[in-house]
Every structure is written in structure tokens, then in C-alpha cells.
file work_2.csv (CSV, C-alpha atoms)
chain,number,residue,atom,x,y,z
A,1,MET,CA,16.0,23.3,21.8
A,2,GLU,CA,13.3,20.7,21.3
A,3,ALA,CA,12.6,19.6,17.8
A,4,ILE,CA,9.2,18.8,16.4
A,5,GLU,CA,8.4,17.1,13.1
A,6,VAL,CA,5.6,18.3,10.9
A,7,LYS,CA,4.4,16.2,8.0
A,8,LEU,CA,3.3,17.9,4.9
A,9,SER,CA,0.4,15.4,4.6
A,10,ASP,CA,-0.8,16.5,8.1
A,11,ILE,CA,-0.9,20.2,7.0
A,12,ILE,CA,-2.8,19.3,3.8
A,13,ILE,CA,-5.3,17.0,5.6
A,14,GLN,CA,-5.9,19.2,8.6
A,15,HIS,CA,-6.5,22.4,6.6
A,16,PRO,CA,-9.5,21.9,4.3
A,17,GLU,CA,-9.4,25.6,3.5
A,18,VAL,CA,-6.2,25.0,1.6
A,19,ASN,CA,-7.2,24.3,-2.0
A,20,SER,CA,-4.2,25.3,-4.0
A,21,PHE,CA,-0.4,25.1,-3.9
A,22,GLN,CA,-0.2,28.8,-3.4
A,23,GLN,CA,-2.4,28.6,-0.4
A,24,LEU,CA,-0.2,25.7,0.9
A,25,LEU,CA,2.9,27.9,0.5
A,26,ASP,CA,1.2,30.6,2.5
A,27,LYS,CA,0.3,28.1,5.2
A,28,VAL,CA,3.9,26.7,5.4
A,29,GLN,CA,5.3,30.2,5.5
A,30,ALA,CA,3.0,31.1,8.4
A,31,MET,CA,4.2,28.2,10.5
A,32,THR,CA,5.8,29.4,13.7
A,33,SER,CA,7.2,27.6,16.7
A,34,GLU,CA,9.6,28.2,19.6
A,35,ASN,CA,11.1,24.8,18.7
A,36,MET,CA,13.1,23.7,15.8
A,37,ILE,CA,10.7,22.3,13.1
A,38,PHE,CA,11.4,19.4,10.9
A,39,LEU,CA,9.2,19.6,7.8
A,40,ASN,CA,8.8,16.2,6.4
A,41,PHE,CA,7.9,16.1,2.6
A,42,ASP,CA,6.2,12.8,3.1
A,43,ILE,CA,3.9,13.2,0.1
A,44,LYS,CA,3.7,15.3,-3.0
A,45,PRO,CA,1.0,18.0,-2.7
A,46,ASP,CA,-1.2,17.2,-5.7
A,47,TYR,CA,-3.0,20.5,-6.4
A,48,ARG,CA,-3.8,21.6,-9.9
A,49,ASP,CA,-1.2,24.4,-9.7
A,50,THR,CA,1.5,22.3,-8.1
A,51,PRO,CA,4.7,23.2,-10.1
A,52,ARG,CA,7.4,20.7,-11.0
A,53,ASN,CA,9.8,22.4,-8.5
A,54,TRP,CA,7.3,22.2,-5.7
A,55,GLU,CA,9.9,21.0,-3.2
A,56,TRP,CA,12.2,24.0,-3.9
A,57,LYS,CA,9.3,26.4,-3.5
A,58,LEU,CA,8.1,24.9,-0.3
A,59,GLU,CA,11.6,25.0,1.1
A,60,VAL,CA,11.9,28.7,0.3
A,61,ALA,CA,8.5,29.4,1.9
A,62,PHE,CA,9.5,27.4,4.9
A,63,GLY,CA,12.7,29.3,5.2
A,64,LYS,CA,11.1,32.7,4.9
A,65,GLY,CA,8.5,31.9,7.6
A,66,GLY,CA,8.6,32.5,11.3
A,67,LYS,CA,10.8,35.6,11.1
B,1,MET,CA,12.8,9.3,-2.6
B,2,GLN,CA,12.4,10.5,0.9
B,3,LYS,CA,13.4,14.0,2.0
B,4,LYS,CA,13.4,16.1,5.1
B,5,ALA,CA,14.0,19.8,5.4
B,6,VAL,CA,15.2,21.0,8.7
B,7,LYS,CA,14.5,24.6,9.5
B,8,GLN,CA,17.2,26.2,11.5
B,9,ARG,CA,18.7,29.6,10.5
B,10,ASN,CA,17.5,29.0,6.9
B,11,ILE,CA,19.9,26.1,6.4
B,12,PHE,CA,18.4,22.9,5.1
B,13,LEU,CA,19.8,19.5,5.5
B,14,ARG,CA,18.7,17.3,2.6
B,15,ILE,CA,18.9,13.6,2.5
B,16,ARG,CA,18.1,11.9,-0.7
B,17,ILE,CA,17.7,8.2,-0.8
B,18,SER,CA,17.5,6.8,-4.3
B,19,ASN,CA,15.8,3.5,-4.9
B,20,SER,CA,18.0,2.6,-7.8
B,21,GLU,CA,21.4,3.3,-6.3
B,22,ASP,CA,23.2,2.2,-3.1
B,23,LEU,CA,23.8,5.7,-2.2
B,24,ALA,CA,22.3,8.3,0.1
B,25,ILE,CA,23.4,11.8,-0.9
B,26,LEU,CA,23.9,14.3,1.9
B,27,GLU,CA,23.4,18.0,0.9
B,28,ILE,CA,23.6,21.2,2.9
B,29,HIS,CA,21.4,23.8,1.3
B,30,ASP,CA,21.6,27.4,2.2
B,31,ILE,CA,18.2,28.7,1.0
B,32,ARG,CA,18.9,32.4,1.8
B,33,ASN,CA,22.0,32.5,-0.5
B,34,SER,CA,20.8,29.8,-2.9
B,35,ILE,CA,24.0,27.9,-2.3
B,36,LEU,CA,24.1,24.1,-2.5
B,37,ILE,CA,27.0,22.6,-0.7
B,38,PRO,CA,27.7,18.9,-1.4
B,39,ALA,CA,28.6,17.6,2.0
B,40,GLY,CA,29.4,14.0,1.2
B,41,PHE,CA,28.1,10.6,0.5
B,42,ILE,CA,26.9,7.9,2.7
B,43,THR,CA,26.8,4.3,1.5
B,44,VAL,CA,23.7,2.5,2.5
B,45,LYS,CA,22.9,-1.1,2.3
B,46,ILE,CA,20.0,-1.9,-0.1
B,47,SER,CA,19.4,-5.5,-0.8
B,48,GLY,CA,16.1,-6.4,-2.5
B,49,ASP,CA,16.7,-10.1,-2.5
B,50,LYS,CA,17.1,-10.4,1.3
B,51,GLY,CA,14.8,-7.8,2.6
B,52,GLY,CA,17.4,-5.0,2.9
B,53,PHE,CA,17.1,-3.3,6.3
B,54,LEU,CA,14.9,-6.1,7.7
B,55,GLN,CA,18.0,-8.2,7.8
B,56,ASP,CA,19.5,-5.9,10.4
B,57,GLU,CA,17.9,-6.6,13.8
B,58,THR,CA,18.3,-3.0,15.0
B,59,CYS,CA,16.8,-1.5,11.9
B,60,TYR,CA,14.0,-4.1,12.0
B,61,ARG,CA,13.2,-3.2,15.6
B,62,GLU,CA,13.0,0.5,14.7
B,63,TRP,CA,10.8,-0.2,11.7
B,64,ARG,CA,8.6,-2.6,13.7
B,65,LYS,CA,8.1,0.0,16.4
B,66,LYS,CA,7.0,2.7,13.9
B,67,ARG,CA,4.7,0.3,12.0
B,68,LEU,CA,2.9,-0.8,15.1
B,69,ARG,CA,2.7,2.7,16.5
B,70,SER,CA,1.1,4.1,13.3
B,71,TYR,CA,-1.1,1.1,12.5
B,72,PRO,CA,-4.8,2.0,12.7
B,73,GLN,CA,-6.8,0.9,15.7
B,74,ASN,CA,-10.0,0.4,13.6
B,75,VAL,CA,-11.2,0.4,10.1
B,76,GLU,CA,-12.7,3.9,10.4
B,77,GLU,CA,-9.2,5.4,10.5
B,78,ILE,CA,-8.6,4.3,6.9
B,79,ARG,CA,-11.9,5.5,5.5
B,80,VAL,CA,-11.8,8.5,3.2
B,81,GLN,CA,-14.6,10.4,1.5
B,82,VAL,CA,-13.9,11.4,-2.1
B,83,ASP,CA,-16.1,13.5,-4.4
B,84,SER,CA,-15.6,11.6,-7.6
B,85,LEU,CA,-13.1,9.0,-8.8
B,86,LEU,CA,-12.4,11.3,-11.7
B,87,ASN,CA,-11.6,14.3,-9.5
B,88,VAL,CA,-9.8,13.4,-6.3
B,89,THR,CA,-8.7,16.6,-4.5
B,90,ALA,CA,-5.1,17.0,-3.1
B,91,ARG,CA,-6.5,16.7,0.4
B,92,GLN,CA,-8.5,13.5,-0.3
B,93,LYS,CA,-5.4,12.1,-2.0
B,94,ALA,CA,-3.2,12.9,0.9
B,95,ALA,CA,-5.6,11.2,3.3
B,96,LEU,CA,-5.7,8.1,1.1
B,97,ILE,CA,-2.0,7.9,0.8
B,98,THR,CA,-1.5,8.4,4.5
B,99,ALA,CA,-3.9,5.5,5.2
B,100,CYS,CA,-2.0,3.4,2.7
B,101,LYS,CA,1.3,4.2,4.5
B,102,ARG,CA,-0.2,3.2,7.8
B,103,ALA,CA,-2.0,0.0,6.8
B,104,ASN,CA,-1.1,-0.6,3.1
B,105,MET,CA,-4.8,0.0,2.4
B,106,ALA,CA,-7.5,2.6,2.3
B,107,ILE,CA,-11.3,2.5,1.9
B,108,TYR,CA,-12.8,5.3,-0.1
B,109,HIS,CA,-16.4,6.3,-0.2
B,110,CYS,CA,-17.3,8.1,-3.4
B,111,ARG,CA,-20.1,10.7,-3.1
B,112,ASN,CA,-20.7,10.3,-6.9
B,113,ALA,CA,-21.7,6.7,-7.1
B,114,ALA,CA,-21.8,6.6,-10.9
B,115,VAL,CA,-18.6,4.8,-11.5
B,116,ASP,CA,-17.6,2.6,-14.4
B,117,ARG,CA,-14.5,0.5,-15.2
B,118,ALA,CA,-12.8,3.4,-16.9
B,119,ALA,CA,-13.2,5.6,-13.9
B,120,VAL,CA,-11.6,3.0,-11.7
B,121,ALA,CA,-8.6,2.9,-14.1
B,122,THR,CA,-8.4,6.7,-14.1
B,123,PHE,CA,-8.5,6.9,-10.3
B,124,ALA,CA,-5.8,4.3,-10.1
B,125,SER,CA,-3.5,6.2,-12.4
B,126,GLY,CA,-3.5,9.1,-9.9
B,127,PHE,CA,-1.7,6.7,-7.5
B,128,GLY,CA,0.8,5.5,-10.0
B,129,LEU,CA,-1.1,2.4,-10.8
B,130,THR,CA,-1.0,2.0,-14.6
B,131,ARG,CA,0.3,-1.4,-15.4
B,132,LEU,CA,-2.8,-3.6,-15.3
B,133,ASP,CA,-2.7,-7.4,-15.1
B,134,HIS,CA,-4.7,-8.6,-18.1
B,135,HIS,CA,-5.5,-12.0,-16.8
B,136,LEU,CA,-7.8,-14.8,-18.1
B,137,CYS,CA,-11.1,-13.4,-16.7
B,138,ALA,CA,-10.4,-9.7,-17.1
B,139,ASN,CA,-12.2,-7.5,-19.5
B,140,ALA,CA,-10.3,-6.1,-22.5
B,141,ASP,CA,-9.4,-3.0,-20.5
B,142,GLY,CA,-7.9,-5.2,-17.7
B,143,VAL,CA,-10.6,-4.4,-15.1
B,144,SER,CA,-12.6,-7.5,-14.0
B,145,GLU,CA,-16.3,-7.5,-13.1
B,146,LEU,CA,-16.7,-9.8,-10.1
B,147,ALA,CA,-20.3,-11.0,-10.2
B,148,VAL,CA,-21.9,-14.4,-10.1
B,149,ALA,CA,-21.2,-15.9,-13.5
B,150,SER,CA,-23.9,-18.0,-15.2
B,151,GLU,CA,-21.9,-19.1,-18.3
B,152,GLY,CA,-18.4,-19.2,-19.8
B,153,VAL,CA,-15.0,-19.8,-18.3
B,154,ARG,CA,-15.7,-17.6,-15.2
B,155,THR,CA,-18.1,-20.2,-13.8
B,156,THR,CA,-15.2,-22.4,-13.0
B,157,TYR,CA,-13.6,-19.9,-10.6
B,158,VAL,CA,-14.8,-19.2,-7.1
B,159,PRO,CA,-14.4,-15.3,-7.2
B,160,TYR,CA,-17.2,-15.4,-9.9
B,161,SER,CA,-19.6,-17.3,-7.6
B,162,SER,CA,-21.4,-16.3,-4.4
B,163,ARG,CA,-19.3,-18.7,-2.3
B,164,SER,CA,-16.9,-17.6,0.4
B,165,LEU,CA,-13.3,-17.0,-0.5
B,166,SER,CA,-10.6,-18.1,1.9
B,167,TRP,CA,-7.6,-15.9,2.9
B,168,HIS,CA,-5.3,-15.0,0.1
B,169,THR,CA,-3.4,-12.2,-1.7
B,170,ASP,CA,-4.3,-11.6,-5.3
B,171,GLY,CA,-2.3,-13.3,-8.1
B,172,TYR,CA,-0.7,-15.8,-5.8
B,173,TYR,CA,-0.5,-18.1,-8.9
B,174,ASN,CA,1.4,-15.5,-10.9
B,175,ASP,CA,5.1,-15.8,-11.3
B,176,LYS,CA,7.6,-13.2,-10.1
B,177,GLU,CA,7.5,-11.3,-13.4
B,178,ARG,CA,3.8,-10.8,-13.1
B,179,GLN,CA,3.6,-10.2,-9.4
B,180,ILE,CA,0.5,-8.3,-8.3
B,181,ASN,CA,1.6,-5.4,-6.1
B,182,ALA,CA,-1.6,-3.4,-5.8
B,183,VAL,CA,-5.3,-4.0,-6.1
B,184,ILE,CA,-8.5,-1.9,-6.3
B,185,LEU,CA,-11.8,-3.4,-5.5
B,186,HIS,CA,-14.7,-1.0,-6.3
B,187,CYS,CA,-18.2,-2.0,-5.2
B,188,ALA,CA,-20.8,-1.0,-7.9
B,189,ARG,CA,-23.6,-3.0,-6.2
B,190,SER,CA,-23.5,-4.8,-2.9
B,191,ALA,CA,-25.3,-8.1,-2.4
B,192,ALA,CA,-28.6,-8.4,-0.5
B,193,THR,CA,-26.8,-10.2,2.3
B,194,GLY,CA,-23.2,-11.2,3.0
B,195,GLY,CA,-20.1,-10.4,1.0
B,196,GLU,CA,-18.0,-9.0,3.9
B,197,ASN,CA,-14.3,-8.8,3.6
B,198,ALA,CA,-11.7,-9.4,6.3
B,199,LEU,CA,-8.5,-7.4,5.7
B,200,LEU,CA,-4.9,-7.6,7.0
B,201,ASP,CA,-1.8,-5.8,6.1
B,202,PRO,CA,0.9,-8.4,5.2
B,203,GLU,CA,3.5,-6.4,7.2
B,204,LEU,CA,1.5,-7.1,10.3
B,205,ALA,CA,1.6,-10.8,9.5
B,206,TYR,CA,5.3,-10.5,8.9
B,207,ILE,CA,5.8,-8.9,12.3
B,208,HIS,CA,3.6,-11.5,14.1
B,209,LEU,CA,5.5,-14.4,12.5
B,210,ARG,CA,8.9,-12.9,13.2
B,211,ASP,CA,7.9,-12.2,16.8
B,212,GLU,CA,6.8,-15.8,17.3
B,213,ASP,CA,9.9,-17.3,15.7
B,214,PRO,CA,12.3,-15.6,13.2
B,215,ARG,CA,12.8,-19.0,11.5
B,216,PHE,CA,9.2,-18.8,10.3
B,217,ILE,CA,10.3,-15.9,8.1
B,218,THR,CA,13.2,-17.9,6.7
B,219,ALA,CA,10.8,-20.8,5.9
B,220,PHE,CA,8.4,-18.4,4.1
B,221,GLU,CA,11.3,-16.9,2.1
B,222,HIS,CA,12.2,-20.3,0.6
B,223,PRO,CA,11.8,-20.1,-3.2
B,224,GLU,CA,9.9,-23.4,-3.3
B,225,CYS,CA,7.8,-22.7,-0.2
B,226,MET,CA,4.4,-22.6,-2.0
B,227,THR,CA,3.6,-24.2,-5.4
B,228,ILE,CA,0.4,-23.8,-7.3
B,229,PRO,CA,0.0,-26.7,-9.8
B,230,ALA,CA,-0.5,-26.0,-13.5
B,231,ASN,CA,-4.0,-24.8,-14.5
B,232,ARG,CA,-5.4,-27.0,-17.3
B,233,ASP,CA,-8.6,-27.3,-19.1
B,234,ALA,CA,-9.9,-29.7,-21.8
B,235,LEU,CA,-7.7,-28.0,-24.4
B,236,GLY,CA,-4.5,-28.1,-22.5
B,237,GLU,CA,-2.4,-26.1,-20.1
B,238,ILE,CA,-3.5,-22.5,-19.4
B,239,ARG,CA,-0.8,-21.8,-16.9
B,240,ALA,CA,2.3,-23.7,-15.9
B,241,ALA,CA,3.0,-24.7,-12.3
B,242,VAL,CA,4.3,-21.8,-10.2
B,243,SER,CA,6.6,-22.1,-7.2
B,244,GLY,CA,7.8,-19.2,-5.1
B,245,PRO,CA,8.2,-17.8,-1.6
B,246,VAL,CA,5.5,-16.3,0.6
B,247,PHE,CA,7.6,-13.3,1.5
B,248,SER,CA,9.7,-11.5,-1.0
B,249,TYR,CA,11.0,-7.9,-1.0
B,250,ALA,CA,11.2,-4.9,-3.3
B,251,LEU,CA,14.5,-3.2,-3.8
B,252,SER,CA,13.2,-0.4,-1.7
B,253,GLY,CA,12.4,-2.8,1.1
B,254,GLU,CA,8.6,-3.2,0.9
B,255,ILE,CA,7.4,-6.7,1.8
B,256,HIS,CA,5.4,-8.6,-0.8
B,257,MET,CA,3.2,-11.5,0.4
B,258,ARG,CA,2.0,-14.4,-1.8
B,259,TYR,CA,-0.4,-16.6,0.1
B,260,SER,CA,-3.5,-18.7,-0.2
B,261,ALA,CA,-5.2,-20.6,2.5
B,262,ARG,CA,-7.0,-22.9,0.1
B,263,LYS,CA,-6.7,-26.6,0.8
B,264,ARG,CA,-6.8,-28.0,-2.7
B,265,ASN,CA,-4.5,-27.4,-5.7
B,266,ILE,CA,-1.7,-26.1,-3.6
B,267,GLN,CA,1.5,-27.7,-2.4
B,268,TRP,CA,3.4,-26.4,0.6
B,269,ARG,CA,7.1,-27.3,1.1
B,270,ASP,CA,7.1,-30.4,3.3
B,271,ASP,CA,9.1,-29.0,6.1
B,272,ALA,CA,8.3,-28.7,9.9
B,273,LEU,CA,9.1,-25.0,10.0
B,274,THR,CA,6.9,-24.2,7.0
B,275,THR,CA,4.0,-26.2,8.6
B,276,ALA,CA,4.5,-24.4,11.9
B,277,ALA,CA,4.7,-21.0,10.2
B,278,ARG,CA,1.4,-21.7,8.4
B,279,GLU,CA,-0.3,-22.7,11.6
B,280,CYS,CA,1.0,-19.5,13.3
B,281,LEU,CA,-0.4,-17.4,10.4
B,282,THR,CA,-3.7,-19.2,10.5
B,283,GLN,CA,-4.1,-18.4,14.2
B,284,LEU,CA,-3.4,-14.8,13.5
B,285,LEU,CA,-6.0,-14.6,10.7
B,286,GLU,CA,-8.6,-16.3,12.9
B,287,ASP,CA,-7.9,-14.4,16.1
B,288,PRO,CA,-11.1,-12.4,16.9
B,289,ASN,CA,-8.9,-10.0,19.0
B,290,GLY,CA,-6.2,-9.7,16.4
B,291,PRO,CA,-5.4,-6.8,13.9
B,292,VAL,CA,-7.8,-8.1,11.2
B,293,PHE,CA,-10.3,-5.5,9.9
B,294,HIS,CA,-13.8,-6.5,8.8
B,295,TYR,CA,-15.7,-4.4,6.3
B,296,ARG,CA,-18.6,-4.8,3.9
B,297,LEU,CA,-18.2,-2.6,0.9
B,298,LYS,CA,-21.3,-0.7,0.0
B,299,ALA,CA,-22.2,0.7,-3.5
B,300,GLY,CA,-19.8,3.6,-4.2
B,301,GLU,CA,-17.1,2.3,-1.9
B,302,GLY,CA,-13.8,0.8,-2.8
B,303,LEU,CA,-10.6,-0.6,-1.4
B,304,ILE,CA,-7.2,0.5,-2.7
B,305,SER,CA,-4.4,-1.6,-1.3
B,306,ASN,CA,-0.9,-2.9,-1.8
B,307,ASN,CA,-2.3,-6.3,-2.4
B,308,ILE,CA,-3.2,-7.1,1.2
B,309,LEU,CA,-4.4,-10.3,2.7
B,310,HIS,CA,-8.1,-10.6,2.5
B,311,ASN,CA,-11.1,-13.1,2.3
B,312,ARG,CA,-14.8,-12.8,1.6
B,313,THR,CA,-17.8,-14.3,3.2
B,314,GLU,CA,-20.5,-16.0,1.0
B,315,PHE,CA,-23.3,-13.7,-0.2
B,316,ASN,CA,-26.8,-13.8,-1.5
B,317,ASP,CA,-28.0,-11.7,-4.4
B,318,GLY,CA,-31.5,-10.4,-4.2
B,319,PRO,CA,-34.0,-9.3,-6.9
B,320,GLY,CA,-32.4,-6.3,-8.5
B,321,GLN,CA,-29.4,-6.5,-6.1
B,322,GLN,CA,-26.8,-8.6,-7.8
B,323,ARG,CA,-23.4,-8.0,-6.3
B,324,LEU,CA,-20.9,-6.3,-8.7
B,325,LEU,CA,-17.4,-5.4,-7.9
B,326,TYR,CA,-14.8,-3.9,-10.3
B,327,ARG,CA,-11.4,-5.4,-9.7
B,328,ALA,CA,-8.2,-4.0,-11.1
B,329,ARG,CA,-4.8,-5.6,-10.3
B,330,PHE,CA,-1.5,-3.9,-10.9
B,331,PHE,CA,2.1,-4.7,-11.3
B,332,ASP,CA,2.9,-1.3,-9.6
B,333,ARG,CA,2.7,-0.4,-6.0
B,334,ILE,CA,0.8,2.6,-4.7
B,335,ARG,CA,2.9,5.7,-5.2
B,336,THR,CA,3.2,7.4,-1.9
B,337,GLN,CA,5.6,10.2,-2.7

call {"tool": "encode", "arguments": {"input": "work_2.csv", "output": "C-alpha cells"}}
result
Amino acid sequence: MEAIEVKLSDIIIQHPEVNSFQQLLDKVQAMTSENMIFLNFDIKPDYRDTPRNWEWKLEVAFGKGGK
Amino acid sequence: MQKKAVKQRNIFLRIRISNSEDLAILEIHDIRNSILIPAGFITVKISGDKGGFLQDETCYREWRKKRLRSYPQNVEEIRVQVDSLLNVTARQKAALITACKRANMAIYHCRNAAVDRAAVATFASGFGLTRLDHHLCANADGVSELAVASEGVRTTYVPYSSRSLSWHTDGYYNDKERQINAVILHCARSAATGGENALLDPELAYIHLRDEDPRFITAFEHPECMTIPANRDALGEIRAAVSGPVFSYALSGEIHMRYSARKRNIQWRDDALTTAARECLTQLLEDPNGPVFHYRLKAGEGLISNNILHNRTEFNDGPGQQRLLYRARFFDRIRTQ
């Protein structure tokens, strides 16, 4: 299985419609691929509603996605 | 701290790298069952004094490949529009940080051109830049106003004139304890003509020198490589003489460069390799086909950088168009995580 790396910064920059952390969670959860995905938390998503445990929440959303 | 999550059957592999400990902690994290399984510890070599991973040729080659691959091809790739310095969105901030990761600099264009010194400081704090260098010519808030000075102590310093500035990094005359790691230059008003900056990421200079001859790096790491004589006025000594290397390293491996191309009031180590390294660097900085960016900041634009190499062409103010730049220098580096 081929592995692809997705940077969190790329998701944020390439999706101007994402304006909140909740919307980012939805976007991450919606990610699908036939390949294994590496999600690289290369930056902190600095939305007004970004919680302190943002990494945990993103990991959970990432894990739930693509089912 | 860097971290990667690997999606495969809801199992996450976490790698935490701490800047303050010589340990990388490996964790296996089962999200579905909320179980954290400590898998073990890996000892990693972190050496701030010697450049850490740069000492290892294999690690250096890998780092070099990534740096050159991600380095912008032109200055447009590091330009970012922001609405206001007081309200940078998550997307704009991500774009600025990404540019800084690629080139150690970003140029922002602020749609709301009404910016004062306080706004520059607020903007900076969003990137972890809070410890300002309150130097001799700075205002009380630590932010300097670079404009042609007609009176006072500023008239004796070239940055406060319309003359050209040779290649340098900011605060090259500071000692290690007051090392400048990041700089913001915000253009409130541009000159009628001139005032263009040339810009180069010091990591590109490092790579070029090491490619040419690794001994150039050793020469530039010498603790007495570059000495700036004491700064004195009629009343006595303002600053003692400062000696130090050109290249030094943060604990987390980032390269810091201390450099000035000025000819007077500077003493270079009298050594053949140091002389050759300086000549090599000069050739790179003057190479019209090299990696140097050229940019003239317009009103409302600014440069945020990890204290990159830069110069300035001379400029001419016109009626009602006196060049004014706000400059803030920090002991912090731009926070990228």
C-alpha cells in the first residue's frame, strides 16, 4: 500500500471555506484515500475555537474518517 | 515538538521530540479504545553547540535535500495577503508560517494599511515574538521607526539615513545573550524612489558554503571569527567590543547567522579559510542568478523573518513621501508549531 503525507497546513491553506476548528474537524474526518495517509500536524490550527486538546480531537476525527 | 499521526486501522504512532530533553518518546495510541501504550524510548543526539544533526553527514544530506526542494523559486511564493495585523485568520497565519518554514521569511500585504507600532507588536505576538530588543535607537515600546533622521543620536547611524545598507543580519553587534533571532520590518510609507531590499535565507548561505568547502563552515563557527569594536561616543563607551561566530546553532538545530559586509569597524579573524569563506559568501550574495530575492516593500507591506540576510538600496524621499519603516527585533524565533 502506498503512503501519502498530508500536512495540516495544506488543508487549512487550500480550503478557504474552513473558518473554524469544528469545520476543520469535519474536513479531516471527510478525508478518504485508497492509500495509507500520514497526517502531519506541522502547525497549530489557530482558529478562535481551537481547544487546548486540538491534537487529540483531530486524531479522533482522523480516525473516524474514511470508514 | 513535531508530531505525526499515521492512519491505519485507527492505530496512531506518535513521535514526540522534545527540544529540552535528549529523548524522543515513541507512543502507540489506539484511538478507538482510548488506550495509550508506551512503546519505548529512543535516545536522540541533540547538540546545540555543534549544530546537532548537521554534524552527521547523512542527516545533513537529508536536511539539505528537503531545504532545497522546498525553497521558493521566487518571491511571490512567500507573499501572503492579510486583512489586518490585529486580526490574522488561521488560514493567513498558516500561509505565513509555511512560508517561514520554506524560506525563514514571509512578506505580508495588509489590506488595512492603517498600522501603528502597537499593531506590529500585537501581530508579532501571534507568532511567539514577544521579547523585543530595546536597543539604543528604539522607541520606548521597543519598535524602531526607520526614517531619515535630522537630529539626535540616530543621525550617526546609516539605517536612519537614505544611504544604502550593505548585507547584514540584524544585531550582529549584539552578544550571544542578546542575539536577534527574528525581525519584522513593516513599511508605513515607501520612498519616492529606491529602498529595495535583497533577501537571503541564511540556511541557503550555509548550504552553499558547505557545498563549496566544509572547512568554510568550521571557519565561520570560530568564536572569534568576527569582532565588532566597541561603540564609543564623546561621553564614553556605549557598547563593549563583541566577538563571535558567524554560524551558531539553537538547541533544536536551527542555524543562526551573524554577519555584516561592512568594510569599516569590523575585524575578521586573520585566517586563510575565513578570508576564503567570506569571498565565497560575497560571490553568492552578488550572484544575479543565485537564490537572492529582491523586493521593495510598499505601504502596508511587511517582512517577518528569522533574521535573514538582507541589504537595502539607497532611496530618495519626495514631497509628502518620506520613507518610514517600523522595525521590531526579537530574541525569540518565529513559532512554527

call {"tool": "atom_distance", "arguments": {"input": "work_2.csv", "atom1": "CA of Asp26 in chain A", "atom2": "CA of Gly65 in chain A"}}
result
9.0 Å

call {"tool": "atom_distance", "arguments": {"input": "work_2.csv", "atom1": "CA of Leu285 in chain B", "atom2": "CA of Ile334 in chain B"}}
result
24.1 Å

call {"tool": "atom_distance", "arguments": {"input": "work_2.csv", "atom1": "CA of Ser190 in chain B", "atom2": "CA of Thr169 in chain B"}}
result
21.5 Å

call {"tool": "interface_residues", "arguments": {"input": "work_2.csv", "of": "chain A", "to": "chain B", "cutoff": "7 Å", "atoms": "only C-alpha atoms", "output": "PyMOL selection string"}}
result
chain A and resi 9+12-13+36-47+60+63

call {"tool": "write_last_selection", "arguments": {"input": "work_2.csv", "atoms": "C-alpha atoms", "output": "compact mmCIF listing (two decimals), in the frame of the given file"}}
result
# COMPACT_ATOMS: atom_id res chain seq x y z
CA SER A 9 0.40 15.40 4.60
CA ILE A 12 -2.80 19.30 3.80
CA ILE A 13 -5.30 17.00 5.60
CA MET A 36 13.10 23.70 15.80
CA ILE A 37 10.70 22.30 13.10
CA PHE A 38 11.40 19.40 10.90
CA LEU A 39 9.20 19.60 7.80
CA ASN A 40 8.80 16.20 6.40
CA PHE A 41 7.90 16.10 2.60
CA ASP A 42 6.20 12.80 3.10
CA ILE A 43 3.90 13.20 0.10
CA LYS A 44 3.70 15.30 -3.00
CA PRO A 45 1.00 18.00 -2.70
CA ASP A 46 -1.20 17.20 -5.70
CA TYR A 47 -3.00 20.50 -6.40
CA VAL A 60 11.90 28.70 0.30
CA GLY A 63 12.70 29.30 5.20

call {"tool": "closest_residue", "arguments": {"input": "work_2.csv", "among": "A:Glu2, A:Leu8, A:Phe62, A:Ser20", "to": "Thr32 in chain A", "atoms": "all atoms listed in the file"}}
result
A:Phe62

call {"tool": "residues_around", "arguments": {"input": "work_2.csv", "residues": "Leu309 in chain B", "least_positions_apart": "5", "cutoff": "9 Å", "atoms": "only C-alpha atoms", "output": "PDB file with C-alpha atoms, in the coordinates of the input"}}
result
ATOM      1  CA  TRP B 167      -7.600 -15.900   2.900  1.00  0.00           C
ATOM      2  CA  HIS B 168      -5.300 -15.000   0.100  1.00  0.00           C
ATOM      3  CA  THR B 169      -3.400 -12.200  -1.700  1.00  0.00           C
ATOM      4  CA  ASP B 170      -4.300 -11.600  -5.300  1.00  0.00           C
ATOM      5  CA  ALA B 198     -11.700  -9.400   6.300  1.00  0.00           C
ATOM      6  CA  LEU B 199      -8.500  -7.400   5.700  1.00  0.00           C
ATOM      7  CA  LEU B 200      -4.900  -7.600   7.000  1.00  0.00           C
ATOM      8  CA  ASP B 201      -1.800  -5.800   6.100  1.00  0.00           C
ATOM      9  CA  PRO B 202       0.900  -8.400   5.200  1.00  0.00           C
ATOM     10  CA  MET B 257       3.200 -11.500   0.400  1.00  0.00           C
ATOM     11  CA  ARG B 258       2.000 -14.400  -1.800  1.00  0.00           C
ATOM     12  CA  TYR B 259      -0.400 -16.600   0.100  1.00  0.00           C
ATOM     13  CA  SER B 260      -3.500 -18.700  -0.200  1.00  0.00           C
TER      14      SER B 260
END

call {"tool": "residues_around", "arguments": {"input": "work_2.csv", "residues": "Gly128 in chain B", "least_positions_apart": "3", "cutoff": "12 Å", "atoms": "only C-alpha atoms", "output": "list in words"}}
result
Ile97, Ala121, Thr122, Phe123, Ala124, Ser125, Arg131, Leu132, Asn181, Ala182, Val183, Ile304, Asn306, Phe330, Phe331, Asp332, Arg333, Ile334, Arg335, Thr336 and Gln337 of chain B

call {"tool": "build_atoms", "arguments": {"input": "work_2.csv", "residues": "range 49-56 of chain A", "atoms": "N, CA, C and O atoms", "output": "short mmCIF file (atom, residue, chain, number, x, y, z; two decimals), in the frame of the given file"}}
result
data_model
loop_
_atom_site.label_atom_id
_atom_site.label_comp_id
_atom_site.auth_asym_id
_atom_site.auth_seq_id
_atom_site.Cartn_x
_atom_site.Cartn_y
_atom_site.Cartn_z
N ASP A 49 -2.28 23.42 -9.36
CA ASP A 49 -1.20 24.40 -9.70
C ASP A 49 0.13 24.00 -9.07
O ASP A 49 1.03 24.83 -8.99
N THR A 50 0.26 22.75 -8.66
CA THR A 50 1.50 22.30 -8.10
C THR A 50 2.61 22.33 -9.20
O THR A 50 2.46 21.64 -10.21
N PRO A 51 3.67 23.12 -9.02
CA PRO A 51 4.70 23.20 -10.10
C PRO A 51 5.65 21.98 -9.97
O PRO A 51 5.66 21.25 -8.97
N ARG A 52 6.47 21.82 -10.97
CA ARG A 52 7.40 20.70 -11.00
C ARG A 52 8.45 20.86 -9.86
O ARG A 52 8.92 19.89 -9.30
N ASN A 53 8.81 22.13 -9.59
CA ASN A 53 9.80 22.40 -8.50
C ASN A 53 9.15 22.68 -7.19
O ASN A 53 9.56 23.59 -6.47
N TRP A 54 8.12 21.91 -6.87
CA TRP A 54 7.30 22.20 -5.70
C TRP A 54 8.16 22.06 -4.38
O TRP A 54 7.94 22.81 -3.42
N GLU A 55 9.13 21.15 -4.38
CA GLU A 55 9.90 21.00 -3.20
C GLU A 55 10.76 22.24 -2.90
O GLU A 55 10.86 22.73 -1.78
N TRP A 56 11.35 22.76 -3.96
CA TRP A 56 12.20 24.00 -3.90
C TRP A 56 11.31 25.13 -3.33
O TRP A 56 11.70 25.85 -2.41
#
